[in-house]
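To keep things clear, I will list the structure first and then write my remarks on it.
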2 protein chains.
Amino acid sequence: MSPAEPGVSEVSVGAEILVRAIPGVPTVDRGDDLVTLIIASLERANVGLRDGDVLVIASKIISRAEDCFVDLSTIEPSKDAKALGAEVDKDPHLVELILRESESISRKRKGALIVRHRLGFVSANAGIDASNAAPADAPAHSGPWVLTLPRNPDATARKLHADLAARYSADVGVIVTDSWGRPFRAGTVGFAIGSSGIPPIWDRRGATDRHGRKLEATATAVADAVAAAADLVAGQADEGRPVILVRGLRFKSSAESSHALLRDQENDLYA
Amino acid sequence: MSPAEPGVSEVSVGAEILVRAIPGVPTVDRGDDLVTLIIASLERANVGLRDGDVLVIASKIISRAEDCFVDLSTIEPSKDAKALGAEVDKDPHLVELILRESESISRKRKGALIVRHRLGFVSANAGIDASNAAPADAPAHSGPWVLTLPRNPDATARKLHADLAARYSADVGVIVTDSWGRPFRAGTVGFAIGSSGIPPIWDRRGATDRHGRKLEATATAVADAVAAAADLVAGQADEGRPVILVRGLRFKSSAESSHALLRDQENDLYA
């Protein structure tokens with residue numbers, strides 16, 4: 001946990017990285033114990049974790065385990081939510097829930113509502129998910145159901161990290177991911193919304209290029225890059241691969257959370 | 001090249017992806033033939049390409065081969081460049097070059113100049129790179145040298161793709177990458193600035209979730225996700241791994257270029 005020496009990278013990446021879905025992870029429902037379920041899946045697949053392994057968990061299964069299901073018909077839209085719903089052409093019940101999940105509105109337009117989530121990142125609709133969203137025991141005629149993001153993905157990552165590190169006696173990392181669209185670019189990629197163990201940012205201030213000159217671009221968003229790779233394998237459709245092992249990194253265990261991936265708002269020209 | 005049937009994904013991703021640096025790629029200098037050099041490196045490493053393999057090339061070696069080196073002392077700053085340089089606290093010679101490489105200024109502030117590059121994407125300093133930037137035969141007392149982005153990375157990807165597909169009789173993909181910072185998020189990740197063969201966007205309109213419901217998030221920026229994964233292995237410091245093989249995807253060969261990754265400016269709330 002000691003800070004890296006100046007010029008010494010806290011992360012190194014081997015010449016080969018493996019991104020592998022853990023098979024046979026069952027459908028997660030509210031009340032399930034995720035740590036037990038993930039360790040059982042690793043054991044069934046005969047996968048032991050080693051130093052540097054990163055386990056990447058789709059936020060959706062954490063939300064399901066934490067019972068972040070919401071029956072939209074039970075949400076009473078405020079006057080503001082009704083007005084905003086009319087403005088952006090979205091269900092006012094959903095808009096009310098988006099507002100409850102958010103700190104502020106970043107941008108809005110017909111069909112689009114981009115917010116700063118209470119967890120600090122910026123995403124459309126506060127990351128609320130309407131696919132695969134109903135709990136298994138949802139009463140008939142209830143819903144429509146949606147799923148909000150996990151309550152505290154960094155805390156969940158820390159808990160999972162501690163349990164996995166103890167179980168496998170290894171310096172592992174845990175990343176919790178969600179996928180979003182981005183300014184300027186089409187399509188979605190995975191982002192880290194929670195992390196533990198692995199340094200979220202690989203800070204290379206003091207590192208040098210091949211000619212001994214100091215590097216300009218000094219900080220790689222390593223947890224976001226790992227999230228993007230894992231999200232590609234996880235898929236979002238019927239593949240159902242919510243737990244991904246990424247092998248090939250080495251790092252000193254970091255006390256930083258995924259919060260380090262959030263740009264200061266004062267320092268953000270697009271805030 | 002035929003369009004995918006509705007509901008049929010043009011990309012599928014196996015349960016395991018391998019991201020592997022091709023060893024022994026020599027330092028590239030102006031005038032080098034990249035295709036020859038890359039195929040020679042693959043052969044020395046005993047790597048044959050198969051259907052679905054994606055070769056990810058760091059834009060820097062393409063810029064070097066294309067002689068995109070610029071001796072800043074030879075660049076005459078315009079009046080506008082001088083004023084802007086004073087405003088953002090950057091060398092007016094560099095600012096002049098940034099403006100020549102750009103379509104428009106996206107945001108500016110002391111220490112930061114974010115532009116829409118002539119190739120369409122948005123990045124700081126038009127992607128101009130000052131590390132490892134001098135040509136091998138640079139005269140003494142010349143410079144400072146910088147390196148602009150490749151002239152047409154999609155065209156380079158197409159050429160490389162055609163040559164590799166012919167050489168290996170395989171449906172392969174080629175992606176050209178650069179790494180940048182992003183709005184809202186700290187740190188840099190890799191992005192695709194050129195592509196050929198691999199569909200840049202994995203459009204899943206019509207795909208269904210595990211319960212048969214249509215998916216909401218329907219388009220994955222697959223080339224950006226692959227670029228982010230490859231960039232992590234490529235490193236930016238003295239590792240020197242500019243050519244990365246990504247294995248484990250399957251796709252129908254696509255005629256689309258990386259241009260598909262650019263969000264319409266009209267449709268961009270942060271433009």
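Each chain of the structure tokens is named A, B, ... in the order shown, its residues numbered from 1; ligands are numbered from 1 in display order.
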
Which residues of chain A are close to chain B, meaning at most 6 Å apart when you count only C-alpha atoms, and how do they look as a CSV table (one decimal) with N, CA and C atoms, in the first residue's frame?
```
chain,number,residue,atom,x,y,z
A,13,VAL,N,2.4,-4.2,-17.5
A,13,VAL,CA,1.5,-5.1,-18.4
A,13,VAL,C,2.4,-6.0,-19.2
A,15,ALA,N,3.4,-8.9,-22.1
A,15,ALA,CA,3.3,-8.9,-23.5
A,15,ALA,C,2.0,-9.6,-24.0
A,16,GLU,N,1.3,-10.2,-23.0
A,16,GLU,CA,0.1,-10.9,-23.4
A,16,GLU,C,-0.9,-10.8,-22.3
A,17,ILE,N,-2.1,-10.4,-22.6
A,17,ILE,CA,-3.2,-10.3,-21.7
A,17,ILE,C,-4.3,-11.3,-22.2
A,18,LEU,N,-4.9,-12.0,-21.2
A,18,LEU,CA,-6.0,-12.9,-21.5
A,18,LEU,C,-7.2,-12.3,-20.9
A,19,VAL,N,-8.3,-12.3,-21.7
A,19,VAL,CA,-9.6,-11.8,-21.2
A,19,VAL,C,-10.6,-13.0,-21.3
A,20,ARG,N,-10.9,-13.6,-20.2
A,20,ARG,CA,-11.6,-14.9,-20.2
A,20,ARG,C,-12.9,-14.8,-19.4
A,21,ALA,N,-14.0,-15.2,-20.0
A,21,ALA,CA,-15.3,-15.3,-19.2
A,21,ALA,C,-15.3,-16.5,-18.3
A,183,PRO,N,-19.3,11.4,-25.3
A,183,PRO,CA,-19.2,12.5,-26.2
A,183,PRO,C,-18.4,12.2,-27.4
A,184,PHE,N,-18.7,12.8,-28.5
A,184,PHE,CA,-17.9,12.7,-29.7
A,184,PHE,C,-17.9,11.4,-30.5
A,185,ARG,N,-18.1,10.3,-29.7
A,185,ARG,CA,-17.9,8.9,-30.3
A,185,ARG,C,-19.3,8.2,-30.3
A,186,ALA,N,-19.5,7.4,-31.4
A,186,ALA,CA,-20.6,6.6,-31.5
A,186,ALA,C,-20.4,5.3,-30.7
A,187,GLY,N,-21.5,4.6,-30.3
A,187,GLY,CA,-21.4,3.3,-29.6
A,187,GLY,C,-21.0,3.4,-28.2
A,188,THR,N,-21.2,2.3,-27.5
A,188,THR,CA,-20.8,2.3,-26.1
A,188,THR,C,-19.6,1.5,-25.8
A,189,VAL,N,-18.9,1.8,-24.7
A,189,VAL,CA,-17.8,0.9,-24.2
A,189,VAL,C,-17.9,0.8,-22.7
A,209,ASP,N,10.7,7.8,-22.2
A,209,ASP,CA,10.6,7.1,-23.5
A,209,ASP,C,11.9,6.4,-23.9
A,210,ARG,N,11.9,5.8,-25.0
A,210,ARG,CA,13.0,5.0,-25.5
A,210,ARG,C,14.3,5.8,-25.5
A,219,ALA,N,-0.6,9.5,-17.7
A,219,ALA,CA,-1.6,8.7,-16.9
A,219,ALA,C,-2.5,7.9,-17.7
A,220,THR,N,-2.4,6.6,-17.6
A,220,THR,CA,-3.3,5.7,-18.4
A,220,THR,C,-4.5,5.3,-17.5
A,221,ALA,N,-5.7,5.4,-18.0
A,221,ALA,CA,-6.9,4.9,-17.2
A,221,ALA,C,-7.0,3.4,-17.3
A,225,ALA,N,-9.6,0.9,-19.3
A,225,ALA,CA,-9.1,0.0,-20.4
A,225,ALA,C,-9.5,-1.4,-20.2
A,228,ALA,N,-13.2,-1.9,-20.6
A,228,ALA,CA,-13.6,-1.9,-22.0
A,228,ALA,C,-13.3,-3.2,-22.6
A,229,ALA,N,-12.1,-3.8,-22.3
A,229,ALA,CA,-11.8,-5.1,-22.8
A,229,ALA,C,-12.8,-6.2,-22.3
A,233,VAL,N,-16.0,-8.9,-24.0
A,233,VAL,CA,-16.2,-10.3,-23.8
A,233,VAL,C,-17.5,-10.6,-23.1
A,237,ALA,N,-25.9,-9.0,-24.5
A,237,ALA,CA,-27.1,-9.7,-25.0
A,237,ALA,C,-27.3,-11.1,-24.3
A,238,ASP,N,-27.6,-12.1,-25.0
A,238,ASP,CA,-27.9,-13.4,-24.4
A,238,ASP,C,-26.7,-14.2,-24.1
A,261,LEU,N,-10.8,7.9,-11.2
A,261,LEU,CA,-11.1,8.0,-12.6
A,261,LEU,C,-11.9,9.2,-13.0
A,262,LEU,N,-12.5,9.9,-11.9
A,262,LEU,CA,-13.4,11.0,-12.2
A,262,LEU,C,-12.5,12.3,-12.3
A,263,ARG,N,-12.6,13.0,-13.4
A,263,ARG,CA,-11.9,14.2,-13.7
A,263,ARG,C,-12.6,15.3,-12.7
A,270,TYR,N,-15.7,20.1,-20.4
A,270,TYR,CA,-17.0,19.7,-20.9
A,270,TYR,C,-18.1,19.5,-19.8
```

**Item:** Exercise: Ser73 of chain B partners within 8 Å, only C-alpha atoms, chain neighbours under 4 positions left out, as a list in words
**Value:**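 Within the cut-off, the hits are His93, Ser142, Gly143 and Pro144 of chain B.
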
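From atom CA of Val176 of chain A back to atom CA of Val56 of chain A, the distance works out to 5.8 Å.
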
**Request:** Write out as a ChimeraX atom specification all residues of segment 19-184 of chain B that DSSP puts in strand (DSSP E) for this structure's backbone.
**Result:** /B:19-21,54-58,69-71,102-109,112-117,122-124,145-147,173-180

**Those of segment 1-244 of chain B in DSSP alpha helix (DSSP H), formatted as a PyMOL selection string** = chain B and resi 34-44+59-65+79-88+92-100+153-168+222-234

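For Arg118 of chain B, the set of protein, DNA and RNA residues having any atom at most 9 Å away, when counting only C-alpha atoms and skipping those fewer than 5 positions along the same chain, is Arg100, Glu101, Ser102, Glu103, Ser104 and Ala126 of chain B.
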
**Asked** Hey, what's within 6 Å of segment 59-69 of chain B if we count only C-alpha atoms and toss same-chain stuff fewer than 5 positions away? As number ranges by chain, please?
**Response** B: 28-32, 146-150, 176-178

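The smallest atom-to-atom distance between Leu37 of chain A and any of A:Pro77, A:Pro135, A:Pro242, A:Pro199, using only C-alpha atoms, is found for A:Pro242.
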
**Message:** Can you measure atom CA of Arg50 of chain A to atom CA of Ile38 of chain A for me? One decimal in Å is fine.
**Reply:** 15.6 Å

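Here atom CA of Glu266 of chain B stands at a distance of 16.7 Å from atom CA of Val115 of chain B.
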